[in-house]
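Data from input.txt: compact mmCIF, C-alpha atoms
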# COMPACT_ATOMS: atom_id res chain seq x y z
CA MET A 261 0.00 0.00 0.00
CA PHE A 262 0.97 3.64 -0.33
CA GLN A 263 2.04 5.77 2.63
CA ASP A 264 0.45 9.08 3.66
CA ILE A 265 2.83 11.92 4.59
CA THR A 266 2.29 15.40 5.98
CA ILE A 267 3.25 18.60 4.18
CA GLU A 268 6.21 19.06 6.55
CA GLU A 269 7.51 15.57 5.74
CA LEU A 270 7.04 16.12 2.01
CA LEU A 271 8.90 19.44 2.00
CA ALA A 272 11.76 17.98 4.04
CA LEU A 273 12.18 15.20 1.47
CA ARG A 274 11.90 17.71 -1.39
CA ASP A 275 14.58 19.98 0.10
CA LYS A 276 16.91 16.97 0.42
CA LYS A 277 16.17 16.15 -3.24
CA GLU A 278 14.95 12.70 -2.25
CA LEU A 279 11.55 12.90 -3.89
CA VAL A 280 9.65 13.86 -7.05
CA MET A 281 6.33 15.58 -6.34
CA ILE A 282 3.54 14.78 -8.80
CA ASP A 283 0.43 16.91 -9.03
CA VAL A 284 -2.38 14.71 -10.39
CA ARG A 285 -4.87 17.59 -10.70
CA SER A 286 -5.99 18.87 -14.10
CA PRO A 287 -3.63 21.02 -16.23
CA SER A 288 -5.56 24.23 -15.49
CA GLU A 289 -5.40 23.62 -11.73
CA PHE A 290 -1.67 22.94 -12.01
CA GLN A 291 -1.19 26.11 -14.07
CA ASP A 292 -3.07 28.19 -11.51
CA ALA A 293 -0.83 27.14 -8.61
CA THR A 294 1.14 24.12 -7.43
CA ILE A 295 3.93 23.16 -5.03
CA PRO A 296 7.16 24.53 -6.56
CA GLY A 297 9.19 21.78 -8.19
CA SER A 298 6.18 19.57 -8.93
CA ILE A 299 5.40 17.97 -12.27
CA ASN A 300 1.89 17.43 -13.63
CA ILE A 301 0.52 13.98 -14.52
CA PRO A 302 -3.23 14.68 -14.56
CA PHE A 303 -5.69 12.04 -13.43
CA PHE A 304 -8.39 13.85 -15.47
CA ASP A 305 -7.84 16.54 -18.09
CA ASP A 306 -9.82 19.80 -17.86
CA ASN A 307 -12.74 18.62 -20.01
CA GLU A 308 -13.05 15.33 -18.13
CA ARG A 309 -12.97 17.10 -14.78
CA ALA A 310 -15.68 19.52 -15.94
CA GLU A 311 -17.85 16.65 -17.18
CA ILE A 312 -17.59 14.73 -13.91
CA GLY A 313 -18.29 17.88 -11.92
CA THR A 314 -21.47 18.47 -13.92
CA ILE A 315 -22.65 14.90 -13.35
CA TYR A 316 -21.87 15.23 -9.64
CA LYS A 317 -24.05 18.36 -9.35
CA GLN A 318 -26.86 17.46 -11.74
CA VAL A 319 -27.18 13.67 -11.37
CA SER A 320 -25.58 12.05 -8.33
CA VAL A 321 -22.33 11.32 -6.55
CA GLN A 322 -22.46 7.67 -7.62
CA ALA A 323 -23.04 8.58 -11.27
CA ALA A 324 -20.00 10.88 -11.13
CA LYS A 325 -17.87 8.09 -9.63
CA ASP A 326 -19.05 5.65 -12.30
CA ARG A 327 -18.16 8.06 -15.11
CA GLY A 328 -14.81 8.81 -13.50
CA LEU A 329 -14.00 5.10 -13.34
CA GLU A 330 -14.97 4.69 -16.99
CA ILE A 331 -12.67 7.53 -18.06
CA ILE A 332 -9.64 6.53 -15.99
CA SER A 333 -9.92 2.83 -16.93
CA ALA A 334 -9.20 3.65 -20.57
CA LYS A 335 -6.21 5.83 -19.58
CA LEU A 336 -4.59 3.59 -16.96
CA PRO A 337 -1.84 1.99 -19.13
CA THR A 338 -0.54 5.40 -20.23
CA PHE A 339 -0.96 6.85 -16.75
CA VAL A 340 1.06 4.04 -15.12
CA LYS A 341 3.80 4.19 -17.77
CA LEU A 342 4.38 7.87 -17.03
CA PHE A 343 5.02 6.99 -13.40
CA GLU A 344 7.22 4.04 -14.36
CA GLY A 345 9.44 6.49 -16.23
CA ILE A 346 10.23 8.32 -12.98
CA LYS A 347 12.87 6.29 -11.16
CA GLU A 348 13.11 8.51 -8.09
CA GLN A 349 10.91 8.25 -5.00
CA LYS A 350 7.48 9.73 -5.71
CA ALA A 351 4.68 11.56 -3.90
CA VAL A 352 1.27 12.34 -5.39
CA PHE A 353 -1.22 15.01 -4.41
CA CYS A 354 -4.51 16.46 -5.62
CA TRP A 355 -6.61 19.34 -4.28
CA ARG A 356 -7.44 18.01 -0.80
CA GLY A 357 -5.94 14.52 -0.68
CA GLY A 358 -9.15 12.94 -1.93
CA MET A 359 -10.24 10.63 -4.69
CA ARG A 360 -7.72 11.54 -7.40
CA SER A 361 -4.56 11.12 -5.32
CA HIS A 362 -5.98 8.17 -3.36
CA THR A 363 -6.89 6.29 -6.54
CA SER A 364 -3.58 7.20 -8.19
CA ALA A 365 -1.56 5.94 -5.21
CA THR A 366 -3.69 2.76 -4.94
CA VAL A 367 -3.35 1.87 -8.63
CA LEU A 368 0.39 2.54 -8.58
CA SER A 369 0.78 0.38 -5.49
CA LEU A 370 -1.07 -2.49 -7.21
CA MET A 371 1.39 -2.17 -10.11
CA GLY A 372 4.36 -2.40 -7.75
CA ILE A 373 5.16 1.33 -7.85
CA ARG A 374 5.68 2.61 -4.31
CA THR A 375 4.51 6.17 -3.71
CA TYR A 376 3.61 8.61 -0.97
CA ARG A 377 0.34 10.56 -0.85
CA LEU A 378 0.19 14.05 0.61
CA THR A 379 -2.36 14.25 3.41
CA GLY A 380 -4.74 17.13 2.77
CA GLY A 381 -3.43 17.68 -0.78
CA PHE A 382 -2.48 21.03 -2.25
CA ARG A 383 -4.90 22.72 0.15
CA SER A 384 -2.71 21.66 3.09
CA TYR A 385 0.33 23.15 1.34
CA ARG A 386 -1.50 26.41 0.71
CA ARG A 387 -2.46 26.62 4.39
CA TRP A 388 1.16 25.97 5.35
CA VAL A 389 2.37 28.78 3.07
CA VAL A 390 -0.10 31.32 4.51
CA ALA A 391 0.64 30.33 8.11
CA THR A 392 4.41 30.39 7.54
CA LEU A 393 4.37 33.87 6.03
CA GLU A 394 2.08 35.18 8.78
CA LYS A 395 4.30 33.99 11.64
CA MET A 396 7.71 34.33 9.97
CA ASP A 397 10.33 36.10 12.09
CA PHE A 398 12.81 36.94 9.36
CA LYS A 399 16.14 37.98 10.91
CA PRO A 400 18.54 38.89 8.06
CA ARG A 401 19.28 42.57 7.49
CA ILE A 402 18.37 44.03 4.13
CA CYS A 403 20.30 45.95 1.48
CA VAL A 404 18.04 47.62 -1.07
CA ILE A 405 19.31 48.17 -4.62
CA SER A 406 17.54 51.29 -5.87
CA GLY A 407 17.97 53.73 -8.74
CA ASN A 408 16.07 55.32 -11.58
CA THR A 409 14.32 53.14 -14.15
CA GLY A 410 16.83 51.46 -16.45
CA ALA A 411 19.75 51.76 -14.03
CA GLY A 412 20.27 48.00 -14.19
CA LYS A 413 19.02 47.15 -10.70
CA THR A 414 17.66 43.75 -11.71
CA ALA A 415 20.74 42.93 -13.78
CA VAL A 416 22.99 43.84 -10.84
CA LEU A 417 20.95 41.67 -8.46
CA ARG A 418 21.05 38.68 -10.79
CA ARG A 419 24.79 39.03 -11.36
CA LEU A 420 25.30 39.07 -7.60
CA GLN A 421 23.01 36.06 -7.18
CA ASP A 422 25.01 34.16 -9.81
CA ASP A 423 28.13 34.96 -7.79
CA GLY A 424 26.61 33.41 -4.66
CA TYR A 425 25.31 36.50 -2.83
CA PRO A 426 21.99 36.16 -0.91
CA VAL A 427 19.36 37.74 -3.19
CA LEU A 428 15.57 37.93 -2.99
CA ASP A 429 14.56 38.58 -6.61
CA LEU A 430 10.93 39.64 -6.21
CA GLU A 431 10.50 40.44 -9.90
CA ALA A 432 11.53 36.92 -10.91
CA ILE A 433 9.20 35.43 -8.29
CA ALA A 434 6.31 37.65 -9.47
CA GLY A 435 6.99 37.11 -13.19
CA HIS A 436 6.70 40.88 -13.63
CA ARG A 437 9.07 43.86 -13.71
CA GLY A 438 6.93 46.04 -11.47
CA SER A 439 6.06 48.85 -13.90
CA ILE A 440 3.25 49.64 -16.33
CA PHE A 441 5.34 47.86 -18.98
CA GLY A 442 6.43 45.14 -16.54
CA HIS A 443 4.35 42.33 -18.05
CA VAL A 444 5.74 42.70 -21.57
CA GLY A 445 7.28 39.42 -22.72
CA LEU A 446 6.61 37.74 -19.36
CA GLN A 447 3.91 35.63 -17.66
CA ALA A 448 2.87 37.23 -14.39
CA ASN A 449 2.28 34.89 -11.44
CA ASN A 450 -0.86 35.08 -9.32
CA GLN A 451 -0.69 35.61 -5.55
CA LYS A 452 -0.76 31.90 -4.71
CA THR A 453 2.16 31.09 -7.01
CA PHE A 454 4.07 34.18 -5.88
CA GLU A 455 3.72 33.25 -2.21
CA ALA A 456 4.69 29.63 -2.87
CA HIS A 457 7.96 30.65 -4.51
CA LEU A 458 8.51 33.44 -2.01
CA VAL A 459 8.28 31.23 1.06
CA THR A 460 10.63 28.70 -0.55
CA LYS A 461 13.23 31.42 -1.15
CA LEU A 462 12.80 32.98 2.31
CA MET A 463 13.45 29.61 3.94
CA GLN A 464 16.70 29.40 1.97
CA LEU A 465 17.76 32.90 3.07
CA LYS A 466 16.70 32.80 6.73
CA ASP A 467 20.20 32.04 8.07
CA SER A 468 22.00 34.68 5.97
CA PRO A 469 23.35 37.73 7.84
CA TYR A 470 21.78 39.97 5.17
CA PHE A 471 20.07 39.75 1.79
CA LEU A 472 19.77 41.97 -1.27
CA ILE A 473 16.49 43.15 -2.72
CA GLU A 474 15.37 45.63 -5.36
CA GLY A 475 13.47 48.76 -4.35
CA GLU A 476 9.91 47.76 -5.31
CA SER A 477 6.45 49.06 -4.56
CA LYS A 478 4.17 46.86 -2.46
CA ARG A 479 2.52 45.41 -5.58
CA ILE A 480 4.42 43.75 -8.44
CA GLY A 481 2.06 42.86 -11.26
CA LYS A 482 -0.59 40.55 -9.77
CA ALA A 483 1.33 39.95 -6.53
CA VAL A 484 1.32 41.83 -3.22
CA ILE A 485 4.49 41.70 -1.08
CA PRO A 486 3.99 40.70 2.58
CA GLU A 487 4.09 43.59 5.02
CA PHE A 488 7.13 42.32 6.95
CA ILE A 489 9.25 42.47 3.76
CA VAL A 490 7.91 45.94 2.90
CA SER A 491 8.78 47.11 6.40
CA LYS A 492 12.31 45.72 6.18
CA LYS A 493 12.76 47.29 2.74
CA ASP A 494 11.65 50.70 3.97
CA SER A 495 14.18 50.63 6.82
CA GLY A 496 17.08 48.87 5.08
CA ALA A 497 20.30 50.30 3.70
CA GLN A 498 19.67 52.02 0.36
CA LEU A 499 22.26 51.59 -2.39
CA TYR A 500 21.25 54.06 -5.11
CA ILE A 501 22.70 53.31 -8.56
CA GLU A 502 23.20 56.47 -10.62
CA MET A 503 23.76 55.83 -14.32
CA PRO A 504 23.72 58.04 -17.48
CA LEU A 505 20.34 58.36 -19.16
CA LEU A 506 21.46 56.97 -22.55
CA GLU A 507 22.93 53.88 -20.90
CA ARG A 508 19.68 53.36 -19.02
CA ALA A 509 17.70 53.67 -22.25
CA ARG A 510 19.98 51.07 -23.83
CA HIS A 511 19.35 48.65 -20.95
CA ILE A 512 15.60 49.03 -21.32
CA ILE A 513 15.64 48.44 -25.09
CA GLU A 514 17.85 45.38 -24.59
CA GLU A 515 15.53 43.91 -21.97
CA TYR A 516 12.12 44.75 -23.43
CA ARG A 517 12.94 44.03 -27.11
CA PRO A 518 10.48 46.67 -28.40
CA LEU A 519 10.58 45.54 -32.02
CA GLU A 520 9.29 42.11 -30.94
CA ASN A 521 6.82 43.42 -28.35
CA LYS A 522 5.66 46.62 -30.03
CA VAL A 523 1.90 45.96 -29.79
CA GLU A 524 2.08 45.22 -26.06
CA LEU A 525 4.27 48.28 -25.44
CA LEU A 526 1.91 50.61 -27.30
CA LYS A 527 -1.06 49.20 -25.39
CA ALA A 528 0.72 49.75 -22.07
CA TYR A 529 1.79 53.25 -23.08
CA SER A 530 -1.83 54.18 -23.82
CA ARG A 531 -2.56 53.73 -20.09
CA ILE A 532 -0.06 56.38 -18.98
CA LYS A 533 0.18 58.89 -21.82
CA ASN A 534 -2.48 61.14 -20.26
CA ARG A 535 -0.16 61.64 -17.27
CA ILE A 536 2.52 63.19 -19.50
CA HIS A 537 2.54 66.74 -20.86
CA THR A 538 0.58 66.49 -24.13
CA PRO A 539 3.27 67.58 -26.66
CA ILE A 540 5.82 65.23 -25.07
CA ALA A 541 3.28 62.40 -24.91
CA LYS A 542 2.59 62.81 -28.63
CA GLU A 543 6.31 62.84 -29.41
CA ILE A 544 6.81 59.60 -27.48
CA GLU A 545 3.89 57.90 -29.22
CA THR A 546 5.14 58.94 -32.65
CA ALA A 547 8.62 57.68 -31.86
CA LEU A 548 7.20 54.30 -30.76
CA HIS A 549 5.13 53.96 -33.93
CA GLU A 550 8.15 54.86 -36.09
CA ASP A 551 10.47 52.43 -34.24
CA HIS A 552 12.63 55.23 -32.83
CA PHE A 553 12.81 53.38 -29.54
CA GLU A 554 15.87 55.05 -28.05
CA LYS A 555 14.22 58.45 -28.42
CA ALA A 556 10.90 57.20 -27.02
CA VAL A 557 12.53 55.55 -24.01
CA SER A 558 14.77 58.55 -23.26
CA LEU A 559 11.75 60.88 -23.28
CA LEU A 560 9.78 58.50 -21.05
CA LEU A 561 12.62 58.38 -18.56
CA GLU A 562 13.13 62.14 -18.50
CA HIS A 563 9.49 63.24 -18.39
CA TYR A 564 7.70 60.39 -16.62
CA TYR A 565 9.79 57.86 -14.71
CA ASP A 566 12.57 60.05 -13.29
CA PRO A 567 10.24 62.65 -11.70
CA ARG A 568 8.09 59.88 -10.18
CA TYR A 569 11.13 58.04 -8.80
CA GLU A 570 12.58 61.22 -7.31
CA HIS A 571 9.28 61.83 -5.50
CA ALA A 572 9.20 58.22 -4.21
CA MET A 573 12.76 58.42 -2.86
CA HIS A 574 11.83 61.33 -0.56
CA LYS A 575 9.92 58.96 1.74
CA TYR A 576 13.10 57.19 2.86
CA GLU A 577 14.53 58.58 6.07
CA GLN A 578 17.66 56.43 6.22
CA GLU A 579 20.97 57.31 4.63
CA ILE A 580 21.16 56.71 0.88
CA ILE A 581 24.51 55.49 -0.43
CA THR A 582 24.99 56.65 -4.02
CA ILE A 583 26.84 54.39 -6.47
CA ARG A 584 27.89 56.26 -9.61
CA ALA A 585 28.49 53.82 -12.44
CA ASN A 586 28.62 53.94 -16.23
CA THR A 587 28.00 50.22 -16.73
CA ILE A 588 26.46 47.20 -15.00
CA ASP A 589 29.98 45.83 -14.40
CA GLU A 590 30.98 48.98 -12.50
CA ALA A 591 27.80 48.87 -10.42
CA VAL A 592 28.33 45.21 -9.48
CA ILE A 593 31.90 45.90 -8.34
CA ALA A 594 30.78 48.88 -6.24
CA VAL A 595 28.01 46.87 -4.54
CA LYS A 596 30.44 44.04 -3.81
CA ASN A 597 32.84 46.50 -2.20
CA TYR A 598 30.05 47.79 0.03
CA LEU A 599 29.03 44.24 0.96
CA LYS A 600 32.59 43.44 2.08
CA GLU A 601 32.09 46.07 4.79
CA VAL A 602 28.72 44.56 5.70
CA ASP A 603 30.33 41.12 6.04
CA VAL A 604 33.05 42.52 8.29
CA GLU A 605 30.46 44.24 10.48
CA SER A 606 28.37 41.07 10.68
CA LYS A 607 31.38 39.07 11.86
CA LYS A 608 32.08 41.69 14.53
CA LEU A 609 28.51 41.48 15.77
CA ASN A 610 28.64 37.68 15.87
CA TYR A 611 31.98 37.74 17.71
CA THR A 612 30.75 40.11 20.39
Encoding of this model in structure tokens:
Amino acid sequence: MFQDITIEELLALRDKKELVMIDVRSPSEFQDATIPGSINIPFFDDNERAEIGTIYKQVSVQAAKDRGLEIISAKLPTFVKLFEGIKEQKAVFCWRGGMRSHTSATVLSLMGIRTYRLTGGFRSYRRWVVATLEKMDFKPRICVISGNTGAGKTAVLRRLQDDGYPVLDLEAIAGHRGSIFGHVGLQANNQKTFEAHLVTKLMQLKDSPYFLIEGESKRIGKAVIPEFIVSKKDSGAQLYIEMPLLERARHIIEEYRPLENKVELLKAYSRIKNRIHTPIAKEIETALHEDHFEKAVSLLLEHYYDPRYEHAMHKYEQEIITIRANTIDEAVIAVKNYLKEVDVESKKLNYT
């Protein structure tokens, strides 16, 4: 028979890389939110799930079970073979640890494939995420990478992360860049998916003396940042990257690929153009239509983003450390030099 495990046991095995998590819910449920690192082997596809749900509501519970058995019987050979192809230890889950995961685990057991089943299903994981974020006492100090739009803040963070520095990349977790154009070329995550990835990353960072984060607003795309992170960000050390306007415009064009994403960019621009002085707004729109992207971006930075960012920076009461750089490379080196001092100070605090 299969073995039931709790969410805490499942996550411990996942973190030790001793287990493959398999979400047997439908593809649309999996797409909406799942446990990070899971793969999807659906017990029913979306149409089958909808059909059974209709029978359940309009006919009877037994009729729904009968139809479900009829559907899965025809799919069992393929279903089992997919599991046979996974050599590692396995755990299955559905929405609440009910019929789909129970039947999956039972069938697999009968075929000699040992598996765990998550007690309470994805719902138990979701409750764990919410409870963990609500009670989290997150100790590491924070260093905020700030700077005007296009100053390479995200690129600096990701370079530092690649070099082994503790980084909380909220934009990557949200699937959004945090601006009116932030969705272009990306797939924004909903709140459930954002929180699932966020709590995973916070657990990895909890023993670091500090971590790096980008200066973000409380909302990034579809996701809202928990208050304890916002509070830390608002009181953390501010490293302000100052970079020439033309270099910033170049970064933006390189990242957003306006020639490929022109329709999305124009649609997003239509939502803010009324906030810009009319002649300038018209000049920007014309430049976008005519593919003069460097001109359009430079005007947007000068007349829209820079004034807004300057206003936002006035709310910070702590000291702002300015990093003047002409390139991303220079900014990364300067941040690393600052962090050497932070490391020294952390060691002093630990020693005393």
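Going from CA of Asp292 (chain A) over to CA of Ser364 (chain A), you cover 21.3 Å.
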Original post:
Can you tell me, as a PyMOL selection string, what residues are no more than 6 Å from region 403-417 of chain A when counting only C-alpha atoms, ignoring any on the same chain fewer than 3 positions away?
Top reply: chain A and resi 420+472-475+496-501+503+508+511-512+592
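What separates CA of Ala293 (chain A) from CA of Ile402 (chain A) is a distance of 28.6 Å.
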Original post:
What would the list of residues within 8 Å of (8.8, 12.3, 1.5) (file frame) look like as a list in words, if all atoms listed in the file are what count?
Top reply: Ile265, Glu269, Leu270, Leu271, Ala272, Leu273, Arg274, Glu278, Leu279, Gln349, Lys350, Ala351 and Tyr376 of chain A
Residue selection dump (C-alpha atoms) as a tab-separated table (two decimals), in the frame of the given file:
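Result written to again.tsv:
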chain	number	residue	atom	x	y	z
A	265	ILE	CA	2.83	11.92	4.59
A	269	GLU	CA	7.51	15.57	5.74
A	270	LEU	CA	7.04	16.12	2.01
A	271	LEU	CA	8.90	19.44	2.00
A	272	ALA	CA	11.76	17.98	4.04
A	273	LEU	CA	12.18	15.20	1.47
A	274	ARG	CA	11.90	17.71	-1.39
A	278	GLU	CA	14.95	12.70	-2.25
A	279	LEU	CA	11.55	12.90	-3.89
A	349	GLN	CA	10.91	8.25	-5.00
A	350	LYS	CA	7.48	9.73	-5.71
A	351	ALA	CA	4.68	11.56	-3.90
A	376	TYR	CA	3.61	8.61	-0.97
Original post:
If we count all atoms listed in the file, what is near Ala594 (chain A) at a cut-off of 12 Å, once residues fewer than 3 positions away on the same chain are taken out, given as an MDAnalysis selection string?
Top reply: chainID A and resid 405 416 420 499:502 581:591 597:601
Kindly export the residues of the current selection with C-alpha atoms, as a PDB file, in the coordinates of the input.
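The new file again05.pdb reads:
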ATOM      1  CA  ILE A 405      19.310  48.170  -4.620  1.00  0.00           C
ATOM      2  CA  VAL A 416      22.990  43.840 -10.840  1.00  0.00           C
ATOM      3  CA  LEU A 420      25.300  39.070  -7.600  1.00  0.00           C
ATOM      4  CA  LEU A 499      22.260  51.590  -2.390  1.00  0.00           C
ATOM      5  CA  TYR A 500      21.250  54.060  -5.110  1.00  0.00           C
ATOM      6  CA  ILE A 501      22.700  53.310  -8.560  1.00  0.00           C
ATOM      7  CA  GLU A 502      23.200  56.470 -10.620  1.00  0.00           C
ATOM      8  CA  ILE A 581      24.510  55.490  -0.430  1.00  0.00           C
ATOM      9  CA  THR A 582      24.990  56.650  -4.020  1.00  0.00           C
ATOM     10  CA  ILE A 583      26.840  54.390  -6.470  1.00  0.00           C
ATOM     11  CA  ARG A 584      27.890  56.260  -9.610  1.00  0.00           C
ATOM     12  CA  ALA A 585      28.490  53.820 -12.440  1.00  0.00           C
ATOM     13  CA  ASN A 586      28.620  53.940 -16.230  1.00  0.00           C
ATOM     14  CA  THR A 587      28.000  50.220 -16.730  1.00  0.00           C
ATOM     15  CA  ILE A 588      26.460  47.200 -15.000  1.00  0.00           C
ATOM     16  CA  ASP A 589      29.980  45.830 -14.400  1.00  0.00           C
ATOM     17  CA  GLU A 590      30.980  48.980 -12.500  1.00  0.00           C
ATOM     18  CA  ALA A 591      27.800  48.870 -10.420  1.00  0.00           C
ATOM     19  CA  ASN A 597      32.840  46.500  -2.200  1.00  0.00           C
ATOM     20  CA  TYR A 598      30.050  47.790   0.030  1.00  0.00           C
ATOM     21  CA  LEU A 599      29.030  44.240   0.960  1.00  0.00           C
ATOM     22  CA  LYS A 600      32.590  43.440   2.080  1.00  0.00           C
ATOM     23  CA  GLU A 601      32.090  46.070   4.790  1.00  0.00           C
TER      24      GLU A 601
END
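Using all atoms listed in the file, the shortest contact distance between Glu476 (chain A) and any of A:Asp326, A:Asp264, A:Asp429, A:Glu344 is found at A:Asp429.
In terms of minimum interatomic distance to Ser530 (chain A), A:Ile440 ranks closest within A:Glu289, A:Lys466, A:Tyr564, A:Ile440, counting only C-alpha atoms.
Distances to Arg387 (chain A) were evaluated for A:Leu525, A:Ile532, A:Ala456, A:Ala365 using all atoms listed in the file, and the minimum falls at A:Ala456.
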**OP:** Find the residues around Phe290 (chain A) up to 9 Å (all atoms listed in the file counted), leave out those fewer than 4 positions away in its own chain, and share them as JSON, numbers by chain.
**Re:** {"A": [283, 284, 285, 286, 294, 295, 299, 300, 302]}
Can you write out the residues you just picked, keeping C-alpha atoms, as an mmCIF file, keeping the file's coordinate frame?
data_model
loop_
_atom_site.group_PDB
_atom_site.id
_atom_site.type_symbol
_atom_site.label_atom_id
_atom_site.label_comp_id
_atom_site.auth_asym_id
_atom_site.auth_seq_id
_atom_site.Cartn_x
_atom_site.Cartn_y
_atom_site.Cartn_z
ATOM 1 C CA ASP A 283 0.430 16.910 -9.030
ATOM 2 C CA VAL A 284 -2.380 14.710 -10.390
ATOM 3 C CA ARG A 285 -4.870 17.590 -10.700
ATOM 4 C CA SER A 286 -5.990 18.870 -14.100
ATOM 5 C CA THR A 294 1.140 24.120 -7.430
ATOM 6 C CA ILE A 295 3.930 23.160 -5.030
ATOM 7 C CA ILE A 299 5.400 17.970 -12.270
ATOM 8 C CA ASN A 300 1.890 17.430 -13.630
ATOM 9 C CA PRO A 302 -3.230 14.680 -14.560
#
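Restricting the calculation to all atoms listed in the file, the smallest distance between Lys461 (chain A) and any of A:Ser491, A:Pro296, A:Gln291, A:Phe339 is found for A:Pro296.
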Original post:
What is the CA of Arg327 (chain A)-CA of Val352 (chain A) distance in Å, reported with one decimal?
Top reply: 22.1 Å
Would you mind completing region 335-347 of chain A to N, CA, C and O atoms and writing the output as an mmCIF file, keeping the file's coordinate frame?
data_model
loop_
_atom_site.group_PDB
_atom_site.id
_atom_site.type_symbol
_atom_site.label_atom_id
_atom_site.label_comp_id
_atom_site.auth_asym_id
_atom_site.auth_seq_id
_atom_site.Cartn_x
_atom_site.Cartn_y
_atom_site.Cartn_z
ATOM 1 N N LYS A 335 -7.480 5.085 -19.580
ATOM 2 C CA LYS A 335 -6.210 5.830 -19.580
ATOM 3 C C LYS A 335 -5.137 5.177 -18.705
ATOM 4 O O LYS A 335 -3.985 5.628 -18.709
ATOM 5 N N LEU A 336 -5.505 4.143 -17.961
ATOM 6 C CA LEU A 336 -4.590 3.590 -16.960
ATOM 7 C C LEU A 336 -3.234 3.141 -17.515
ATOM 8 O O LEU A 336 -2.191 3.433 -16.905
ATOM 9 N N PRO A 337 -3.161 2.414 -18.645
ATOM 10 C CA PRO A 337 -1.840 1.990 -19.130
ATOM 11 C C PRO A 337 -0.884 3.163 -19.357
ATOM 12 O O PRO A 337 0.280 3.113 -18.942
ATOM 13 N N THR A 338 -1.381 4.217 -19.991
ATOM 14 C CA THR A 338 -0.540 5.400 -20.230
ATOM 15 C C THR A 338 -0.186 6.091 -18.920
ATOM 16 O O THR A 338 0.965 6.509 -18.710
ATOM 17 N N PHE A 339 -1.155 6.206 -18.045
ATOM 18 C CA PHE A 339 -0.960 6.850 -16.750
ATOM 19 C C PHE A 339 0.148 6.148 -15.953
ATOM 20 O O PHE A 339 1.077 6.777 -15.443
ATOM 21 N N VAL A 340 0.077 4.822 -15.889
ATOM 22 C CA VAL A 340 1.060 4.040 -15.120
ATOM 23 C C VAL A 340 2.439 4.148 -15.762
ATOM 24 O O VAL A 340 3.454 4.269 -15.055
ATOM 25 N N LYS A 341 2.501 4.120 -17.092
ATOM 26 C CA LYS A 341 3.800 4.190 -17.770
ATOM 27 C C LYS A 341 4.513 5.511 -17.474
ATOM 28 O O LYS A 341 5.745 5.553 -17.365
ATOM 29 N N LEU A 342 3.766 6.589 -17.358
ATOM 30 C CA LEU A 342 4.380 7.870 -17.030
ATOM 31 C C LEU A 342 5.055 7.815 -15.662
ATOM 32 O O LEU A 342 6.139 8.361 -15.466
ATOM 33 N N PHE A 343 4.428 7.143 -14.726
ATOM 34 C CA PHE A 343 5.020 6.990 -13.400
ATOM 35 C C PHE A 343 6.221 6.038 -13.428
ATOM 36 O O PHE A 343 7.207 6.244 -12.720
ATOM 37 N N GLU A 344 6.114 4.991 -14.242
ATOM 38 C CA GLU A 344 7.220 4.040 -14.360
ATOM 39 C C GLU A 344 8.488 4.722 -14.884
ATOM 40 O O GLU A 344 9.607 4.299 -14.576
ATOM 41 N N GLY A 345 8.294 5.763 -15.677
ATOM 42 C CA GLY A 345 9.440 6.490 -16.230
ATOM 43 C C GLY A 345 10.172 7.351 -15.219
ATOM 44 O O GLY A 345 11.257 7.870 -15.508
ATOM 45 N N ILE A 346 9.589 7.528 -14.039
ATOM 46 C CA ILE A 346 10.230 8.320 -12.980
ATOM 47 C C ILE A 346 10.860 7.351 -11.989
ATOM 48 O O ILE A 346 10.165 6.643 -11.259
ATOM 49 N N LYS A 347 12.163 7.282 -11.978
ATOM 50 C CA LYS A 347 12.870 6.290 -11.160
ATOM 51 C C LYS A 347 13.004 6.717 -9.700
ATOM 52 O O LYS A 347 13.153 5.883 -8.812
#
